[in-house]
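Have a look at the structure below before the remarks.
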Amino acid sequence: MSVLTTRQTALAGLLPMLPAITAALSFSITDILLKIIYNSGMDVLTLVSLRGMLVVAFFWAWLRVAPPIIRHPPRQRRIAILLGILFAGVMLGLMAAVALLPVSIAILAYFIYPLLTGIAAALTGVERLGWRALLAALAAFAGLALMLGVNLATLAPLGLASAFAAAICRVVSLLATRAYLNGTDARLTTWYSMVPSTILFVILWITIGGWHPPQTQAGWIAFGAASFFSTLSTLLIYISTNTVGPFRTAFAMNLEPLVTALASVWLLGEVLSPLQALGAGIMIASLCAFQFVRGR
């Protein structure tokens, strides 16, 4: 086989993964932009409420211009709406974690969700976990413990709780999507899930929040960019799950904590001690190993 043919084969194998890879990189961009947004004076409820209204308006217009070929039957529509409540938990928890913790710590704490998803799938009989997957999961938890344990006293407990709560909501959402919404129109699923989550955000915003927009031009630009990239990522995850399956999608998403950790050090000036960096490296490598042995 020639070198050109080998490269063409590799490229053909990579192309179906582009939605998942793009989703991971887009989420990493969003993670970094969130710190800029918060530093400009915008709070979590204002952020998620305004973003939600923009996303709902965008998908409403898109679905009007290009209606779905097959609509969700009533049962799938109800499930997608319930997923919207879980999505609200993911967004509130993750964005609160980023507001209260260093970005790299928040994202890595949140990224226990692939491990919890695999364990939950095994406990519910959806799939089986072999001893190699269990060892990889234990190594990943050990890496997380090492990363957090170095400066645990200086980390906000509410921030860690928010990250773990977001991870649990994500686990339930992934399992439900896999079980009930495979093969559905990703745009319509996003629409049905965004409407209830946005309504919930706005109610909380009005009752306990307040108007706290960015106070700088850079903050508004970061807000617009974060809204775009986070929406793109959500849509691409649904597309990738339907195209290459949940395993390969989850495997590609491991790029997010790696890129976010490196970018937070480079762009935001965050500092990871050698032990924290070692723990983060062990966790990311173990996540990849865990998802690889699950997919075999």
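Simple scheme: letters A, B, ... for chains in structure tokens order, numbers from 1 for residues in each chain, numbers from 1 for ligands in the order shown.
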- Query: Which residues come within 7 Å of Met42 in chain A, counting only C-alpha atoms, excluding same-chain residues fewer than 3 positions away, as a list in words?
  - Reply: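 Listing them by chain and then by number gives Ile37, Tyr38, Thr46, Leu47, His212, Pro213 and Pro214 of chain A.
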- Message: What parts of range 48-280 of chain A does DSSP call helix (DSSP H, G or I)? I'd like the answer as a VMD selection string.
- Response: chain A and resid 48 to 65 74 to 100 103 to 110 113 to 123 131 to 149 152 to 154 157 to 180 186 to 208 217 to 244 246 to 252 255 to 267 274 to 280
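Using only C-alpha atoms, the nearest neighbour of Arg51 in chain A within the list A:Leu160, A:Leu83, A:Ala225, A:Ala97 is A:Ala225.
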- Message: So that I can see what lies close to range 181-187 of chain A, please list as number ranges by chain the residues with an atom at most 6 Å from it, counting only C-alpha atoms and leaving out residues fewer than 4 positions away in the same chain.
- Response: A: 177, 238-239, 242
Could those residues be written to a file, using C-alpha atoms, as a PDB file, in the first residue's frame?
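Saved file selection.pdb follows:
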```pdb
ATOM      1  CA  THR A 177     -30.197   9.841  25.151  1.00  0.00           C
ATOM      2  CA  TYR A 238     -25.870  14.873  19.203  1.00  0.00           C
ATOM      3  CA  ILE A 239     -24.710  14.570  15.571  1.00  0.00           C
ATOM      4  CA  ASN A 242     -25.847   9.400  15.954  1.00  0.00           C
TER       5      ASN A 242
END
```
- Query: Leaving out Ser227 in chain A and any residue of its chain fewer than 6 positions from it, which residues lie within 12 Å of it when counting only C-alpha atoms, given as a ChimeraX atom specification?
  - Reply: /A:26-27,29-31,33-34,37,47-56,58,220-221,233-234
- Task: Kindly indicate which residue among A:Ser240, A:Thr190, A:Thr22, A:Ser273 lies nearest to Phe59 in chain A, using only C-alpha atoms for the distances.
- Result: A:Thr190
Please report as CSV every residue of range 222-272 of chain A lying within 10 Å of range 102-124 of chain A, along with the nearest atom pair and their distance in Å (one decimal), using only C-alpha atoms.
```
residue,atom,partner,partner_atom,distance
A:Phe247,CA,A:Pro114,CA,9.8
A:Ala250,CA,A:Pro114,CA,7.2
A:Phe251,CA,A:Pro114,CA,9.0
A:Met253,CA,A:Pro114,CA,9.6
A:Asn254,CA,A:Phe111,CA,8.4
A:Glu256,CA,A:Ile107,CA,8.3
A:Pro257,CA,A:Leu108,CA,5.8
A:Leu258,CA,A:Leu108,CA,8.7
A:Val259,CA,A:Ser104,CA,9.3
A:Thr260,CA,A:Ser104,CA,6.2
A:Ala261,CA,A:Ser104,CA,4.5
A:Leu262,CA,A:Ser104,CA,8.1
A:Ala263,CA,A:Ser104,CA,8.6
A:Ser264,CA,A:Ser104,CA,6.3
A:Val265,CA,A:Ser104,CA,8.2
A:Leu268,CA,A:Val103,CA,8.9
A:Glu270,CA,A:Pro102,CA,7.0
A:Val271,CA,A:Pro102,CA,8.9
A:Leu272,CA,A:Ser104,CA,8.6
```
- Could you jot down the CA of Trp62 in chain A to CA of Phe229 in chain A separation for me, Å, one decimal place?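 Going from CA of Trp62 in chain A over to CA of Phe229 in chain A, I get 16.8 Å.
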- Do you have the CA of Leu135 in chain A-CA of Val293 in chain A distance handy? 10.4 Å
- Message: Just want the 8 Å neighbourhood of Ile21 in chain A, counted on only C-alpha atoms, with same-chain residues fewer than 3 positions away dropped. Output as a VMD selection string.
- Response: chain A and resid 17 to 18 24 to 25 252 to 253 255
Output C-alpha atoms for every residue in the selection just made, as a JSON list (two decimals), in the first residue's frame.
```json
[["chain", "number", "residue", "atom", "x", "y", "z"],
["A", 17, "MET", "CA", -14.76, 11.94, 14.03],
["A", 18, "LEU", "CA", -14.57, 15.64, 13.10],
["A", 24, "ALA", "CA", -14.37, 19.05, 22.30],
["A", 25, "LEU", "CA", -12.32, 22.00, 21.03],
["A", 252, "ALA", "CA", -12.85, 12.27, 21.39],
["A", 253, "MET", "CA", -14.30, 14.46, 24.14],
["A", 255, "LEU", "CA", -9.55, 16.41, 24.27]]
```
- Task: Excluding Met91 in chain A and any residue of its chain fewer than 4 positions from it, enumerate the residues within 10 Å of it, using only C-alpha atoms, and give them as a PyMOL selection string.
- Result: chain A and resi 44+48+86-87+95-97+162-163+166+169-170+197+201
- Tell me, in Å to one decimal, how far CA of Leu287 in chain A is from CA of Ala139 in chain A.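 CA of Leu287 in chain A sits 8.7 Å away from CA of Ala139 in chain A.
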- Task: Considering only C-alpha atoms, return as a PyMOL selection string whatever protein or nucleic-acid residues lie within 7 Å of range 67-82 of chain A, sequence-local ones (same chain, fewer than 6 positions apart) excluded.
- Result: chain A and resi 180-181+185+189+192-193+196
- Message: Calculated over only C-alpha atoms, which of the candidates A:Leu175, A:Ile85, A:Leu129, A:Ala142 has the smallest distance to Ile284 in chain A?
- Response: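 Smallest distance to Ile284 in chain A is found for A:Ala142.
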